[in-house]
Amino acid sequence: MKLINRLLRKNTSPARIAGFVISNFIGLAIIVGGVQFYQDARSLWADDDSFIKSDYLVVNKKVTAANTWKDADSGFSEAEIADLKAQPWVRGVGEFMATDYKVWASVSAGGRGMSTMLFFESLPDEYVDAKGADWTFKPGDDVVPIIISKDYLALYNFGFAGSAGLPQMSESIMAGIPLRLVLTSDDGLRQKTLNARVTGFSNRLNTILVPRSFMEWSNAELGRGGAAAKPSRLVVDVSSPGDVAIKDYLSDHGLEVAGDKSGSSASFLLKLVVGIVLAVGIVITLLSLFILLLSISLLMEKNREKLHALLMLGCPLTEVSAPYERIIIFATFAAYLLAAACGIALRTSYISQLEALGLNASEWWIGLATGLSVALLVMVVNVLAVKNKVLDSWR
């Protein structure tokens with residue numbers, strides 16, 4: 001065995017093997033680092049409270065000076081909604097339903113109170129980000145659950161409360177204050193009085209939400225009675241936030257997106273950059289695979305007569321191919337260990353900054369496991385190629 005090993009490795013080129021190790025190390029390091037960073041950064045756009053959470057876009061038609069609530073063109077028709085749903089970047093569309101009556105809300109605390117006119121909207125439950133166990137309503141219930149935008153609470157605390165001499169309130173305090181609702185039909189002949197309670201605060205939706213079941217019941221009881229109003233706003237679940245195709249479609253159809261759109265661009269660009277980095281790593285890894293294949297092939301071509309002679313003398317195929325397989329295994333694992341060390345060092349350098357942004361870090365071994373899988377695949381492909389080359393020498 002030792003004699004066969006010395007004989008076949010006589011023409012081995014250390015420079016070619018080193019070239020494979022270096023190129024494979026670079027490719028695996030990019031893959032390990034890219035996959036780990038993507039997993040660690042995912043929570044920045046996957047969490048509902050994320051500052052770049054943007055899978056959902058709220059769209060509406062642009063308002064002109066001539067628009068009123070009675071305008072047929074101010075809402076979305078069934079054909080327009082169907083066309084939007086047919087777009088390749090759309091995963092789902094939810095329709096906002098608004099109140100068809102007047103809403104007055106009053107609150108009293110600490111001997112002081114205030115009342116205001118409000119509006120309610122509702123969405124299918126799958127598009128509501130802050131619903132809890134209390135997010136339900138049945139006709140006959142006395143308490144209506146409400147979800148408000150966190151922006152509204154911030155406006156009250158830092159804008160209205162100070163000027164009106166009212167106390168600031170945290171989310172928990174606000175949720176504990178009972179509200180009194182007076183719902184009145186447009187003609188003033190029908191009226192209902194209900195209690196309400198804030199059950200959640202939404203980062204995603206800038207509105208005041210009530211359950212869809214309450215909206216359908218109250219509109220039937222107090223609404224104008226005619227044909228159901230067209231939805232004036234839609235929430236769109238998109239697969240690729242920030243995609244240029246989305247911007248072009250909205251512009252061509254006279255639509256606009258509510259709220260800050262920078263999160264969509266940040267999310268899209270981050271995913272695009274990570275994808276490009278991983279693609280570069282895969283390409284470099286594939287190139288390193290071909291470098292090793294070429295090096296081993298050239299080495300075996302130089303030893304073709306020796307290989308043929310050894311096989312004709314009855315040496316087992318496994319013993320003849322073993323020296324080359326050991327080179328492959330050693331070089332591949334050397335490249336992987338270097339890449340793993342590089343990936344760990346990279347994660348150590350950025351993890352504290354991501355945690356400062358509210359990151360929920362992923363498992364530390366995901367990138368390493370991905371790199372190991374790629375390294376094993378490269379090794380298996382090379383080993384199989386060596387065995388086929390040895391068989392060709394025997395024929």
# chains A, B, ... in the order shown; residues from 1 in each chain; ligands from 1

$ select_by_dssp --residues "segment 96-267 of chain A" --states "alpha helix (DSSP H)" --output "PyMOL selection string"
chain A and resi 150-155+161-164+171-176+212-222+244-252+262-267

$ residues_around --residues "Gly94 of chain A" --least-positions-apart "2" --cutoff "8 Å" --atoms "only C-alpha atoms" --output "JSON, numbers by chain"
{"A": [92, 96, 123, 124, 127, 234, 235, 236]}

$ closest_residue --among "A:Tyr38, A:Phe333, A:Tyr324, A:Phe214" --to "Val143 of chain A" --atoms "only C-alpha atoms"
A:Phe214

$ closest_residue --among "A:Val59, A:Ala15, A:Ile147, A:Val383" --to "Thr318 of chain A" --atoms "only C-alpha atoms"
A:Val383

$ residues_around --residues "Val32 of chain A" --least-positions-apart "2" --cutoff "8 Å" --atoms "only C-alpha atoms" --output "PyMOL selection string"
chain A and resi 28-30+34-36+339-340+343+367-368+370-371

$ closest_residue --among "A:Gln87, A:Thr207, A:Ser213, A:Ser362" --to "Phe119 of chain A" --atoms "only C-alpha atoms"
A:Thr207

$ atom_distance --atom1 "atom CA of Arg180 of chain A" --atom2 "atom CA of Arg197 of chain A"
8.8 Å

$ residues_around --residues "segment 216-222 of chain A" --least-positions-apart "4" --cutoff "12 Å" --atoms "only C-alpha atoms" --output "VMD selection string"
chain A and resid 96 to 103 120 to 124 137 to 141 144 182 to 194 210 to 212 226 to 229

$ residues_around --residues "Gln168 of chain A" --least-positions-apart "3" --cutoff "12 Å" --atoms "only C-alpha atoms" --output "list of chain:residue names"
A:Leu153, A:Ala154, A:Leu155, A:Tyr156, A:Asn157, A:Phe158, A:Gly159, A:Phe160, A:Ala161, A:Gly162, A:Ser163, A:Ala164, A:Gly165, A:Glu171, A:Ser172, A:Ile173, A:Met174

$ closest_residue --among "A:Ile327, A:Leu354, A:Leu255, A:Leu286" --to "Val58 of chain A" --atoms "only C-alpha atoms"
A:Leu255
